[in-house]
>>> print(open('target_25.pdb').read())   # PDB, C-alpha atoms
ATOM      1  CA  MET A   1     -48.651 -54.311 -63.686
ATOM      2  CA  GLN A   2     -49.805 -53.414 -67.210
ATOM      3  CA  ILE A   3     -51.774 -50.355 -68.411
ATOM      4  CA  ILE A   4     -53.684 -50.576 -71.755
ATOM      5  CA  LEU A   5     -54.126 -47.275 -73.629
ATOM      6  CA  VAL A   6     -56.932 -46.985 -76.254
ATOM      7  CA  SER A   7     -57.419 -44.005 -78.627
ATOM      8  CA  ARG A   8     -59.427 -43.470 -81.815
ATOM      9  CA  HIS A   9     -56.313 -42.039 -83.357
ATOM     10  CA  TRP A  10     -54.471 -45.282 -82.821
ATOM     11  CA  ARG A  11     -55.165 -48.285 -84.990
ATOM     12  CA  THR A  12     -54.367 -50.658 -82.133
ATOM     13  CA  ALA A  13     -54.367 -50.434 -78.350
ATOM     14  CA  ARG A  14     -51.041 -49.788 -76.657
ATOM     15  CA  THR A  15     -49.827 -51.592 -73.539
ATOM     16  CA  ILE A  16     -47.472 -50.063 -70.935
ATOM     17  CA  ALA A  17     -45.820 -52.401 -68.419
ATOM     18  CA  ILE A  18     -44.955 -50.806 -65.000
ATOM     19  CA  MET A  19     -42.241 -52.691 -63.164
ATOM     20  CA  PRO A  20     -41.192 -52.254 -59.442
ATOM     21  CA  ARG A  21     -38.075 -50.417 -60.516
ATOM     22  CA  HIS A  22     -40.249 -47.853 -62.245
ATOM     23  CA  VAL A  23     -42.132 -47.203 -58.979
ATOM     24  CA  LEU A  24     -38.840 -46.907 -57.048
ATOM     25  CA  LEU A  25     -37.439 -44.459 -59.587
ATOM     26  CA  ALA A  26     -40.601 -42.378 -59.409
ATOM     27  CA  ALA A  27     -40.500 -42.265 -55.562
ATOM     28  CA  THR A  28     -36.824 -41.344 -55.610
ATOM     29  CA  GLY A  29     -37.473 -38.578 -58.076
ATOM     30  CA  PHE A  30     -40.334 -37.228 -55.949
ATOM     31  CA  ILE A  31     -38.196 -37.150 -52.788
ATOM     32  CA  ALA A  32     -35.372 -35.451 -54.692
ATOM     33  CA  LEU A  33     -37.820 -32.863 -55.991
ATOM     34  CA  VAL A  34     -39.110 -32.149 -52.480
ATOM     35  CA  LEU A  35     -35.587 -31.750 -51.094
ATOM     36  CA  ALA A  36     -34.555 -29.517 -53.974
ATOM     37  CA  THR A  37     -37.643 -27.360 -53.473
ATOM     38  CA  SER A  38     -36.964 -27.093 -49.739
ATOM     39  CA  MET A  39     -33.341 -26.105 -50.322
ATOM     40  CA  LEU A  40     -34.423 -23.574 -52.899
ATOM     41  CA  LEU A  41     -36.958 -22.013 -50.517
ATOM     42  CA  SER A  42     -34.362 -21.895 -47.739
ATOM     43  CA  TRP A  43     -31.852 -20.206 -50.014
ATOM     44  CA  LEU A  44     -34.429 -17.725 -51.224
ATOM     45  CA  SER A  45     -35.510 -16.958 -47.657
ATOM     46  CA  VAL A  46     -31.956 -16.256 -46.601
ATOM     47  CA  HIS A  47     -30.946 -14.416 -49.760
ATOM     48  CA  TRP A  48     -34.091 -12.381 -50.263
ATOM     49  CA  ARG A  49     -35.276 -12.386 -46.596
ATOM     50  CA  LEU A  50     -38.784 -13.492 -47.378
ATOM     51  CA  PRO A  51     -41.039 -12.280 -44.487
ATOM     52  CA  LEU A  52     -43.009 -15.496 -44.106
ATOM     53  CA  VAL A  53     -39.988 -17.754 -43.892
ATOM     54  CA  GLU A  54     -38.015 -15.287 -41.786
ATOM     55  CA  ASN A  55     -40.860 -15.024 -39.265
ATOM     56  CA  LEU A  56     -41.069 -18.781 -39.122
ATOM     57  CA  VAL A  57     -37.326 -19.086 -38.440
ATOM     58  CA  GLN A  58     -37.442 -16.366 -35.772
ATOM     59  CA  SER A  59     -40.391 -18.065 -34.095
ATOM     60  CA  LEU A  60     -38.499 -21.356 -33.982
ATOM     61  CA  GLN A  61     -35.408 -19.618 -32.611
ATOM     62  CA  GLN A  62     -37.440 -17.861 -29.911
ATOM     63  CA  GLN A  63     -39.088 -21.111 -28.884
ATOM     64  CA  GLU A  64     -35.720 -22.810 -28.650
ATOM     65  CA  SER A  65     -34.283 -19.869 -26.683
ATOM     66  CA  ARG A  66     -37.190 -19.954 -24.225
ATOM     67  CA  ARG A  67     -36.776 -23.699 -23.800
ATOM     68  CA  ILE A  68     -33.062 -23.260 -23.037
ATOM     69  CA  GLN A  69     -33.755 -20.395 -20.618
ATOM     70  CA  ASP A  70     -36.413 -22.427 -18.801
ATOM     71  CA  TYR A  71     -34.007 -25.353 -18.572
ATOM     72  CA  VAL A  72     -31.211 -23.169 -17.191
ATOM     73  CA  SER A  73     -33.588 -21.380 -14.811
ATOM     74  CA  ASN A  74     -34.905 -24.686 -13.467
ATOM     75  CA  ASN A  75     -31.375 -26.001 -13.004
ATOM     76  CA  LEU A  76     -30.322 -22.819 -11.191
ATOM     77  CA  GLN A  77     -33.356 -23.091  -8.939
ATOM     78  CA  LEU A  78     -32.511 -26.710  -8.142
ATOM     79  CA  MET A  79     -28.896 -25.773  -7.464
ATOM     80  CA  ALA A  80     -29.973 -22.912  -5.197
ATOM     81  CA  THR A  81     -32.303 -25.250  -3.321
ATOM     82  CA  ARG A  82     -29.489 -27.778  -2.952
ATOM     83  CA  LEU A  83     -27.202 -25.007  -1.740
ATOM     84  CA  GLY A  84     -29.714 -24.000   0.932
ATOM     85  CA  GLU A  85     -30.101 -27.611   2.047
ATOM     86  CA  LEU A  86     -26.329 -28.018   2.375
ATOM     87  CA  GLN A  87     -26.038 -24.778   4.342
ATOM     88  CA  GLY A  88     -28.742 -25.953   6.725
ATOM     89  CA  LYS A  89     -27.064 -29.366   7.040
ATOM     90  CA  VAL A  90     -23.704 -27.773   7.901
ATOM     91  CA  MET A  91     -25.354 -25.655  10.614
ATOM     92  CA  GLN A  92     -27.112 -28.729  12.045
ATOM     93  CA  LEU A  93     -23.875 -30.728  12.048
ATOM     94  CA  ASP A  94     -22.026 -27.877  13.758
ATOM     95  CA  SER A  95     -24.684 -27.631  16.467
ATOM     96  CA  LEU A  96     -24.794 -31.404  16.916
ATOM     97  CA  GLY A  97     -21.000 -31.545  17.095
ATOM     98  CA  GLN A  98     -20.932 -28.930  19.846
ATOM     99  CA  ARG A  99     -23.504 -30.832  21.916
ATOM    100  CA  ILE A 100     -21.775 -34.191  21.455
ATOM    101  CA  ALA A 101     -18.392 -32.676  22.265
ATOM    102  CA  GLY A 102     -19.857 -31.347  25.503
ATOM    103  CA  LEU A 103     -21.212 -34.773  26.381
ATOM    104  CA  ALA A 104     -17.925 -36.451  25.496
ATOM    105  CA  GLY A 105     -15.948 -33.940  27.507
ATOM    106  CA  GLY A 106     -13.658 -33.401  24.550
ATOM    107  CA  LYS A 107     -12.646 -30.466  22.413
ATOM    108  CA  PRO A 108     -15.609 -28.894  20.609
ATOM    109  CA  VAL A 109     -15.819 -29.295  16.850
ATOM    110  CA  ALA A 110     -14.217 -26.337  15.162
ATOM    111  CA  ALA A 111     -16.840 -24.081  13.642
ATOM    112  CA  PRO A 112     -16.218 -22.547  10.209
ATOM    113  CA  ALA A 113     -14.157 -19.396  10.271
ATOM    114  CA  GLN A 114     -16.259 -16.246  10.418
ATOM    115  CA  ALA A 115     -15.324 -12.845   9.147
ATOM    116  CA  PRO A 116     -14.248 -10.470  11.933
ATOM    117  CA  ALA A 117     -17.023  -8.225  13.119
ATOM    118  CA  ALA A 118     -16.796  -4.641  11.984
ATOM    119  CA  LEU A 119     -16.020  -2.070  14.619
ATOM    120  CA  ALA A 120     -18.774   0.256  13.378
ATOM    121  CA  GLY A 121     -22.452  -0.606  13.148
ATOM    122  CA  GLU A 122     -23.820  -2.230  10.002
ATOM    123  CA  GLY A 123     -27.274  -2.478   8.463
ATOM    124  CA  GLY A 124     -29.403  -1.778   5.439
ATOM    125  CA  PRO A 125     -31.887  -3.646   3.246
ATOM    126  CA  PHE A 126     -31.349  -7.266   2.310
ATOM    127  CA  LEU A 127     -30.453  -7.444  -1.388
ATOM    128  CA  PRO A 128     -29.618 -11.023  -2.329
ATOM    129  CA  VAL A 129     -26.956 -11.598  -4.983
ATOM    130  CA  ASN A 130     -27.903 -13.805  -7.914
ATOM    131  CA  LEU A 131     -25.119 -16.334  -8.347
ATOM    132  CA  THR A 132     -24.174 -17.771 -11.699
ATOM    133  CA  ALA A 133     -24.302 -21.501 -12.382
ATOM    134  CA  ASP A 134     -20.518 -21.805 -11.954
ATOM    135  CA  GLU A 135     -20.605 -19.866  -8.664
ATOM    136  CA  LEU A 136     -23.453 -22.009  -7.395
ATOM    137  CA  GLN A 137     -21.580 -25.170  -8.355
ATOM    138  CA  ARG A 138     -18.430 -24.003  -6.560
ATOM    139  CA  GLU A 139     -20.416 -23.110  -3.449
ATOM    140  CA  ILE A 140     -22.161 -26.488  -3.486
ATOM    141  CA  GLU A 141     -18.815 -28.278  -3.782
ATOM    142  CA  ARG A 142     -17.416 -26.194  -0.885
ATOM    143  CA  LEU A 143     -20.370 -27.010   1.342
ATOM    144  CA  ALA A 144     -20.269 -30.687   0.365
ATOM    145  CA  THR A 145     -16.635 -30.741   1.494
ATOM    146  CA  ALA A 146     -17.651 -28.990   4.727
ATOM    147  CA  VAL A 147     -20.325 -31.642   5.341
ATOM    148  CA  ASP A 148     -17.737 -34.388   4.831
ATOM    149  CA  ASP A 149     -15.390 -32.644   7.289
ATOM    150  CA  ARG A 150     -18.140 -32.341   9.902
ATOM    151  CA  ALA A 151     -19.027 -36.003   9.414
ATOM    152  CA  ALA A 152     -15.378 -36.950  10.034
ATOM    153  CA  ASP A 153     -15.369 -34.805  13.202
ATOM    154  CA  LEU A 154     -18.535 -36.515  14.429
ATOM    155  CA  GLU A 155     -16.989 -39.927  13.781
ATOM    156  CA  ALA A 156     -14.032 -38.881  15.948
ATOM    157  CA  LEU A 157     -16.445 -37.727  18.661
ATOM    158  CA  GLU A 158     -18.299 -41.007  18.410
ATOM    159  CA  PHE A 159     -15.022 -42.835  19.043
ATOM    160  CA  GLN A 160     -14.339 -40.571  22.047
ATOM    161  CA  LEU A 161     -17.783 -41.326  23.463
ATOM    162  CA  LEU A 162     -17.258 -45.046  22.965
ATOM    163  CA  GLU A 163     -13.824 -44.848  24.565
ATOM    164  CA  LYS A 164     -15.255 -42.855  27.490
ATOM    165  CA  ARG A 165     -18.092 -45.332  27.913
ATOM    166  CA  VAL A 166     -15.675 -48.274  27.990
ATOM    167  CA  ARG A 167     -13.337 -46.436  30.356
ATOM    168  CA  ASP A 168     -16.177 -45.511  32.706
ATOM    169  CA  ARG A 169     -17.418 -49.082  32.829
ATOM    170  CA  LEU A 170     -13.909 -50.353  33.649
ATOM    171  CA  LEU A 171     -13.240 -47.789  36.388
ATOM    172  CA  PRO A 172     -14.520 -48.812  39.869
ATOM    173  CA  THR A 173     -16.763 -45.788  40.372
ATOM    174  CA  MET A 174     -19.968 -47.526  41.456
ATOM    175  CA  LEU A 175     -20.783 -47.892  45.162
ATOM    176  CA  PRO A 176     -20.160 -51.563  45.987
ATOM    177  CA  VAL A 177     -22.838 -51.619  48.719
ATOM    178  CA  LYS A 178     -25.800 -49.579  49.929
ATOM    179  CA  ALA A 179     -24.140 -48.661  53.232
ATOM    180  CA  THR A 180     -25.623 -46.848  56.206
ATOM    181  CA  GLN A 181     -22.453 -44.828  56.787
ATOM    182  CA  LEU A 182     -18.761 -44.634  56.019
ATOM    183  CA  GLY A 183     -16.365 -46.383  58.386
ATOM    184  CA  SER A 184     -12.606 -46.053  58.403
ATOM    185  CA  PRO A 185     -11.244 -44.014  55.467
ATOM    186  CA  PHE A 186      -8.147 -44.701  53.399
ATOM    187  CA  GLY A 187      -4.852 -43.862  55.111
ATOM    188  CA  VAL A 188      -3.400 -44.139  58.604
ATOM    189  CA  ARG A 189      -5.740 -45.017  61.492
ATOM    190  CA  ALA A 190      -5.744 -46.586  64.908
ATOM    191  CA  ASP A 191      -6.050 -50.316  64.411
ATOM    192  CA  PRO A 192      -9.503 -51.354  65.758
ATOM    193  CA  ILE A 193      -8.083 -54.488  67.453
ATOM    194  CA  VAL A 194      -4.536 -53.612  68.539
ATOM    195  CA  GLY A 195      -5.148 -49.887  68.979
ATOM    196  CA  VAL A 196      -1.846 -48.666  67.466
ATOM    197  CA  GLN A 197      -1.336 -46.616  64.314
ATOM    198  CA  ALA A 198      -1.530 -48.710  61.149
ATOM    199  CA  ARG A 199      -2.145 -48.226  57.438
ATOM    200  CA  HIS A 200      -5.658 -48.831  56.127
ATOM    201  CA  GLU A 201      -5.486 -49.522  52.393
ATOM    202  CA  GLY A 202      -9.199 -49.231  51.642
ATOM    203  CA  ILE A 203     -12.539 -47.747  52.694
ATOM    204  CA  ASP A 204     -14.988 -49.403  55.097
ATOM    205  CA  PHE A 205     -18.715 -49.255  54.387
ATOM    206  CA  VAL A 206     -20.836 -49.986  57.445
ATOM    207  CA  ALA A 207     -23.794 -52.158  56.399
ATOM    208  CA  PRO A 208     -25.903 -54.926  57.980
ATOM    209  CA  VAL A 209     -25.040 -58.591  57.538
ATOM    210  CA  GLY A 210     -26.592 -59.903  54.333
ATOM    211  CA  ALA A 211     -26.567 -56.599  52.452
ATOM    212  CA  LYS A 212     -25.857 -57.132  48.745
ATOM    213  CA  VAL A 213     -22.338 -56.393  47.500
ATOM    214  CA  VAL A 214     -21.903 -55.589  43.781
ATOM    215  CA  ALA A 215     -18.970 -55.151  41.408
ATOM    216  CA  ALA A 216     -17.873 -51.525  41.191
ATOM    217  CA  ALA A 217     -16.989 -51.954  37.481
ATOM    218  CA  ASP A 218     -16.805 -54.524  34.698
ATOM    219  CA  GLY A 219     -14.079 -57.094  35.138
ATOM    220  CA  VAL A 220     -12.971 -60.683  35.644
ATOM    221  CA  VAL A 221     -12.916 -62.442  39.023
ATOM    222  CA  LEU A 222      -9.273 -63.042  39.968
ATOM    223  CA  SER A 223      -9.920 -64.846  43.235
ATOM    224  CA  ALA A 224     -12.885 -65.732  45.432
ATOM    225  CA  GLU A 225     -11.616 -67.376  48.621
ATOM    226  CA  PHE A 226     -11.172 -67.161  52.368
ATOM    227  CA  HIS A 227      -8.291 -65.057  53.660
ATOM    228  CA  PRO A 228      -7.147 -65.166  57.324
ATOM    229  CA  GLU A 229      -7.337 -61.379  57.697
ATOM    230  CA  PHE A 230      -9.853 -60.345  54.999
ATOM    231  CA  GLY A 231     -12.169 -63.274  55.608
ATOM    232  CA  ASN A 232     -14.304 -64.153  52.577
ATOM    233  CA  MET A 233     -12.690 -62.040  49.869
ATOM    234  CA  VAL A 234     -13.229 -61.373  46.152
ATOM    235  CA  ASP A 235     -10.649 -59.726  43.887
ATOM    236  CA  ILE A 236     -11.717 -58.404  40.452
ATOM    237  CA  ASP A 237      -9.393 -57.496  37.571
ATOM    238  CA  HIS A 238     -10.568 -54.449  35.557
ATOM    239  CA  GLY A 239      -7.704 -54.466  33.065
ATOM    240  CA  ASP A 240      -4.471 -52.468  32.659
ATOM    241  CA  GLY A 241      -3.315 -53.451  36.153
ATOM    242  CA  LEU A 242      -6.405 -52.055  37.906
ATOM    243  CA  THR A 243      -8.052 -54.329  40.508
ATOM    244  CA  SER A 244     -10.632 -54.018  43.280
ATOM    245  CA  ARG A 245     -11.087 -56.033  46.492
ATOM    246  CA  TYR A 246     -14.219 -56.810  48.531
ATOM    247  CA  ALA A 247     -13.503 -58.283  51.992
ATOM    248  CA  HIS A 248     -15.211 -59.648  55.152
ATOM    249  CA  LEU A 249     -18.113 -61.083  53.128
ATOM    250  CA  SER A 250     -20.539 -63.452  54.790
ATOM    251  CA  ARG A 251     -21.060 -65.235  51.460
ATOM    252  CA  ILE A 252     -19.320 -65.363  48.079
ATOM    253  CA  ASP A 253     -21.525 -65.748  44.991
ATOM    254  CA  VAL A 254     -18.890 -65.756  42.220
ATOM    255  CA  THR A 255     -16.067 -68.044  41.101
ATOM    256  CA  PRO A 256     -12.610 -67.240  39.673
ATOM    257  CA  GLY A 257     -12.579 -66.522  35.944
ATOM    258  CA  ARG A 258     -16.152 -65.289  35.787
ATOM    259  CA  LEU A 259     -16.924 -62.174  33.734
ATOM    260  CA  LEU A 260     -18.771 -59.539  35.716
ATOM    261  CA  LYS A 261     -20.809 -56.541  34.692
ATOM    262  CA  ARG A 262     -20.851 -53.285  36.589
ATOM    263  CA  GLY A 263     -23.410 -53.601  39.416
ATOM    264  CA  GLU A 264     -23.573 -57.411  39.295
ATOM    265  CA  LYS A 265     -23.875 -59.160  42.664
ATOM    266  CA  ILE A 266     -20.714 -60.839  44.002
ATOM    267  CA  GLY A 267     -21.691 -61.661  47.600
ATOM    268  CA  LEU A 268     -23.140 -60.459  50.907
ATOM    269  CA  VAL A 269     -21.819 -58.201  53.676
ATOM    270  CA  GLY A 270     -20.453 -60.023  56.717
ATOM    271  CA  THR A 271     -17.873 -59.819  59.474
ATOM    272  CA  THR A 272     -15.544 -62.694  58.595
ATOM    273  CA  GLY A 273     -11.759 -62.564  59.095
ATOM    274  CA  ARG A 274     -10.124 -59.854  61.178
ATOM    275  CA  SER A 275     -13.214 -57.743  61.799
ATOM    276  CA  THR A 276     -15.023 -56.170  64.757
ATOM    277  CA  GLY A 277     -18.445 -55.918  63.134
ATOM    278  CA  PRO A 278     -20.407 -56.213  59.879
ATOM    279  CA  HIS A 279     -19.013 -54.005  57.126
ATOM    280  CA  LEU A 280     -17.484 -54.157  53.658
ATOM    281  CA  HIS A 281     -13.783 -53.440  53.247
ATOM    282  CA  PHE A 282     -13.283 -52.053  49.696
ATOM    283  CA  GLU A 283      -9.884 -51.581  48.044
ATOM    284  CA  VAL A 284      -8.618 -50.347  44.663
ATOM    285  CA  ARG A 285      -5.104 -51.218  43.509
ATOM    286  CA  MET A 286      -3.044 -50.193  40.484
ATOM    287  CA  LEU A 287      -0.269 -52.640  39.639
ATOM    288  CA  GLY A 288      -0.542 -53.949  43.193
ATOM    289  CA  VAL A 289      -0.223 -50.524  44.839
ATOM    290  CA  ALA A 290      -3.177 -49.457  46.983
ATOM    291  CA  GLN A 291      -5.037 -46.364  45.749
ATOM    292  CA  ASN A 292      -7.572 -44.276  47.600
ATOM    293  CA  PRO A 293     -10.945 -45.681  46.446
ATOM    294  CA  ALA A 294     -12.535 -42.283  47.069
ATOM    295  CA  LEU A 295     -10.621 -40.891  44.059
ATOM    296  CA  PHE A 296     -12.669 -43.235  41.869
ATOM    297  CA  LEU A 297     -15.941 -43.207  43.793
ATOM    298  CA  ARG A 298     -16.115 -39.402  43.807
ATOM    299  CA  GLN A 299     -16.983 -39.567  40.099
ATOM    300  CA  ASN A 300     -20.279 -41.086  41.228
ATOM    301  CA  SER A 301     -22.752 -38.444  42.401
ATOM    302  CA  GLU A 302     -24.310 -40.992  44.766
ATOM    303  CA  PHE A 303     -21.028 -41.357  46.652
ATOM    304  CA  ALA A 304     -20.653 -37.574  46.893
ATOM    305  CA  GLN A 305     -24.067 -37.307  48.543
ATOM    306  CA  PHE A 306     -23.316 -40.289  50.770
ATOM    307  CA  ALA A 307     -19.951 -38.880  51.905
ATOM    308  CA  GLN A 308     -21.603 -35.612  53.045
ATOM    309  CA  ARG A 309     -23.775 -37.371  55.631
TER     310      ARG A 309
END
>>> encode(input="target_25.pdb", output="structure tokens")
Amino acid sequence: MQIILVSRHWRTARTIAIMPRHVLLAATGFIALVLATSMLLSWLSVHWRLPLVENLVQSLQQQESRRIQDYVSNNLQLMATRLGELQGKVMQLDSLGQRIAGLAGGKPVAAPAQAPAALAGEGGPFLPVNLTADELQREIERLATAVDDRAADLEALEFQLLEKRVRDRLLPTMLPVKATQLGSPFGVRADPIVGVQARHEGIDFVAPVGAKVVAAADGVVLSAEFHPEFGNMVDIDHGDGLTSRYAHLSRIDVTPGRLLKRGEKIGLVGTTGRSTGPHLHFEVRMLGVAQNPALFLRQNSEFAQFAQR
């Protein structure tokens, strides 16, 4: 770009050529002048404590201080809220653990240690203590650890409940038939045919012919066949050497190897084999040794009511 200068004092016009580097130098010089002026004003304000600049600096400092205080206050409020939530969660987990432990029949979850109660009376106004950020953080970490501990305790209780549920389903505690009355109990009795003392290794349930007979617990059918003395007979394996026997059936509805659920039908009451009338002969054996079925059936409230008739 060229600029032409004309004056009456000059004999000829003068031409000035402005190149890009000239513009860059001028801009650089202007920026340097602004920075130098700013530095000079800052130095003067600090050295001579100019009121206008000092007030401006104080105002900026106060704004920054308020912003930091608001930030810290908000964070403390959030931490206090989180602390309250964790305290409530720990109390809920403790209460839930106690209830589940009662249902599982196991040892209750240990509650957090409490300070011993004072011998003398206590009271007075409630004056909450304002915790610092570090104290709040430590308390939050302590409660978070407590929540993790309670969760681990509940997982252990869950395993106990599952174990109890499996154990209950594998124990022959369900009444195998809706009987009208109990017949011969477990133990020594007078043989109904010969009339002399003999061992009776089960319990007899008096029921009409055709009454449904069900499995007393989950298991696998060991045998389903006719026996000269037990008549139509079904043996069920419940695991760990525990078996149950259902004898004198009029009909067998299962086959060996079949998986059975607790309460599933296995046949009908009859009077087959060595029998004097329709009934179900029920046995429980552990490793082949006869056990009193009443020890298992007493865990069923229905049997307890039935046995009192």
>>> resolve_selection(input="target_25.pdb", expression="the PyMOL selection byres ((chain A and resi 281-284) around 9)", output="ChimeraX atom specification")
/A:172,176,186,201-206,230,242-249,279-280,285-286,288-293,296
>>> resolve_selection(input="target_25.pdb", expression="the PyMOL selection byres ((chain A and resi 213) around 10)", output="ChimeraX atom specification")
/A:175-179,207,210-212,214-216,246,249,251-253,263-269,280
>>> resolve_selection(input="target_25.pdb", expression="the PyMOL selection byres ((chain A and resi 258) around 10)", output="MDAnalysis selection string")
chainID A and resid 219:223 236 254:257 259:261
>>> residues_around(input="target_25.pdb", residues="Gly84 (chain A)", least_positions_apart="4", cutoff="12 Å", atoms="only C-alpha atoms", output="PyMOL selection string")
chain A and resi 77-80+88-91+136+139-140+143-144
>>> closest_residue(input="target_25.pdb", among="A:Asp191, A:Asp153, A:Glu302, A:Asp237", to="Thr276 (chain A)", atoms="all atoms listed in the file")
A:Asp191
>>> atom_distance(input="target_25.pdb", atom1="CA of Gly273 (chain A)", atom2="CA of Asn232 (chain A)")
7.2 Å
>>> atom_distance(input="target_25.pdb", atom1="CA of His200 (chain A)", atom2="CA of Ala294 (chain A)")
13.1 Å
>>> atom_distance(input="target_25.pdb", atom1="CA of Gln61 (chain A)", atom2="CA of Asp134 (chain A)")
25.6 Å
>>> build_atoms(input="target_25.pdb", residues="region 220-236 of chain A", atoms="N, CA, C and O atoms", output="mmCIF file, in the frame of the given file")
data_model
loop_
_atom_site.group_PDB
_atom_site.id
_atom_site.type_symbol
_atom_site.label_atom_id
_atom_site.label_comp_id
_atom_site.auth_asym_id
_atom_site.auth_seq_id
_atom_site.Cartn_x
_atom_site.Cartn_y
_atom_site.Cartn_z
ATOM 1 N N VAL A 220 -13.075 -59.222 35.546
ATOM 2 C CA VAL A 220 -12.971 -60.683 35.644
ATOM 3 C C VAL A 220 -12.566 -61.029 37.072
ATOM 4 O O VAL A 220 -11.663 -60.397 37.647
ATOM 5 N N VAL A 221 -13.220 -62.022 37.654
ATOM 6 C CA VAL A 221 -12.916 -62.442 39.023
ATOM 7 C C VAL A 221 -11.528 -63.093 39.056
ATOM 8 O O VAL A 221 -11.291 -64.094 38.385
ATOM 9 N N LEU A 222 -10.614 -62.473 39.810
ATOM 10 C CA LEU A 222 -9.273 -63.042 39.968
ATOM 11 C C LEU A 222 -9.271 -64.143 41.020
ATOM 12 O O LEU A 222 -8.691 -65.221 40.820
ATOM 13 N N SER A 223 -9.873 -63.861 42.147
ATOM 14 C CA SER A 223 -9.920 -64.846 43.235
ATOM 15 C C SER A 223 -11.204 -64.657 44.017
ATOM 16 O O SER A 223 -11.743 -63.545 44.113
ATOM 17 N N ALA A 224 -11.703 -65.739 44.568
ATOM 18 C CA ALA A 224 -12.885 -65.732 45.432
ATOM 19 C C ALA A 224 -12.630 -66.807 46.481
ATOM 20 O O ALA A 224 -12.900 -67.997 46.263
ATOM 21 N N GLU A 225 -12.095 -66.399 47.647
ATOM 22 C CA GLU A 225 -11.616 -67.376 48.621
ATOM 23 C C GLU A 225 -11.603 -66.773 50.025
ATOM 24 O O GLU A 225 -11.857 -65.572 50.211
ATOM 25 N N PHE A 226 -11.279 -67.622 50.970
ATOM 26 C CA PHE A 226 -11.172 -67.161 52.368
ATOM 27 C C PHE A 226 -9.733 -66.749 52.643
ATOM 28 O O PHE A 226 -8.792 -67.431 52.273
ATOM 29 N N HIS A 227 -9.601 -65.580 53.291
ATOM 30 C CA HIS A 227 -8.291 -65.057 53.660
ATOM 31 C C HIS A 227 -8.278 -64.898 55.187
ATOM 32 O O HIS A 227 -9.265 -64.445 55.766
ATOM 33 N N PRO A 228 -7.174 -65.241 55.856
ATOM 34 C CA PRO A 228 -7.147 -65.166 57.324
ATOM 35 C C PRO A 228 -7.496 -63.785 57.877
ATOM 36 O O PRO A 228 -8.126 -63.676 58.936
ATOM 37 N N GLU A 229 -7.082 -62.723 57.205
ATOM 38 C CA GLU A 229 -7.337 -61.379 57.697
ATOM 39 C C GLU A 229 -8.551 -60.727 57.030
ATOM 40 O O GLU A 229 -9.324 -60.026 57.684
ATOM 41 N N PHE A 230 -8.737 -60.961 55.734
ATOM 42 C CA PHE A 230 -9.853 -60.345 54.999
ATOM 43 C C PHE A 230 -11.115 -61.204 55.036
ATOM 44 O O PHE A 230 -12.162 -60.775 54.557
ATOM 45 N N GLY A 231 -11.016 -62.391 55.591
ATOM 46 C CA GLY A 231 -12.169 -63.274 55.608
ATOM 47 C C GLY A 231 -12.546 -63.698 54.201
ATOM 48 O O GLY A 231 -11.689 -63.923 53.340
ATOM 49 N N ASN A 232 -13.868 -63.844 53.946
ATOM 50 C CA ASN A 232 -14.304 -64.153 52.577
ATOM 51 C C ASN A 232 -14.035 -62.938 51.696
ATOM 52 O O ASN A 232 -14.572 -61.845 51.926
ATOM 53 N N MET A 233 -13.218 -63.157 50.649
ATOM 54 C CA MET A 233 -12.690 -62.040 49.869
ATOM 55 C C MET A 233 -12.825 -62.324 48.375
ATOM 56 O O MET A 233 -12.650 -63.466 47.924
ATOM 57 N N VAL A 234 -13.138 -61.281 47.615
ATOM 58 C CA VAL A 234 -13.229 -61.373 46.152
ATOM 59 C C VAL A 234 -12.344 -60.287 45.555
ATOM 60 O O VAL A 234 -12.448 -59.105 45.947
ATOM 61 N N ASP A 235 -11.464 -60.672 44.639
ATOM 62 C CA ASP A 235 -10.649 -59.726 43.887
ATOM 63 C C ASP A 235 -11.110 -59.730 42.427
ATOM 64 O O ASP A 235 -11.307 -60.809 41.831
ATOM 65 N N ILE A 236 -11.250 -58.541 41.845
ATOM 66 C CA ILE A 236 -11.717 -58.404 40.452
ATOM 67 C C ILE A 236 -10.674 -57.631 39.659
ATOM 68 O O ILE A 236 -10.175 -56.586 40.109
#
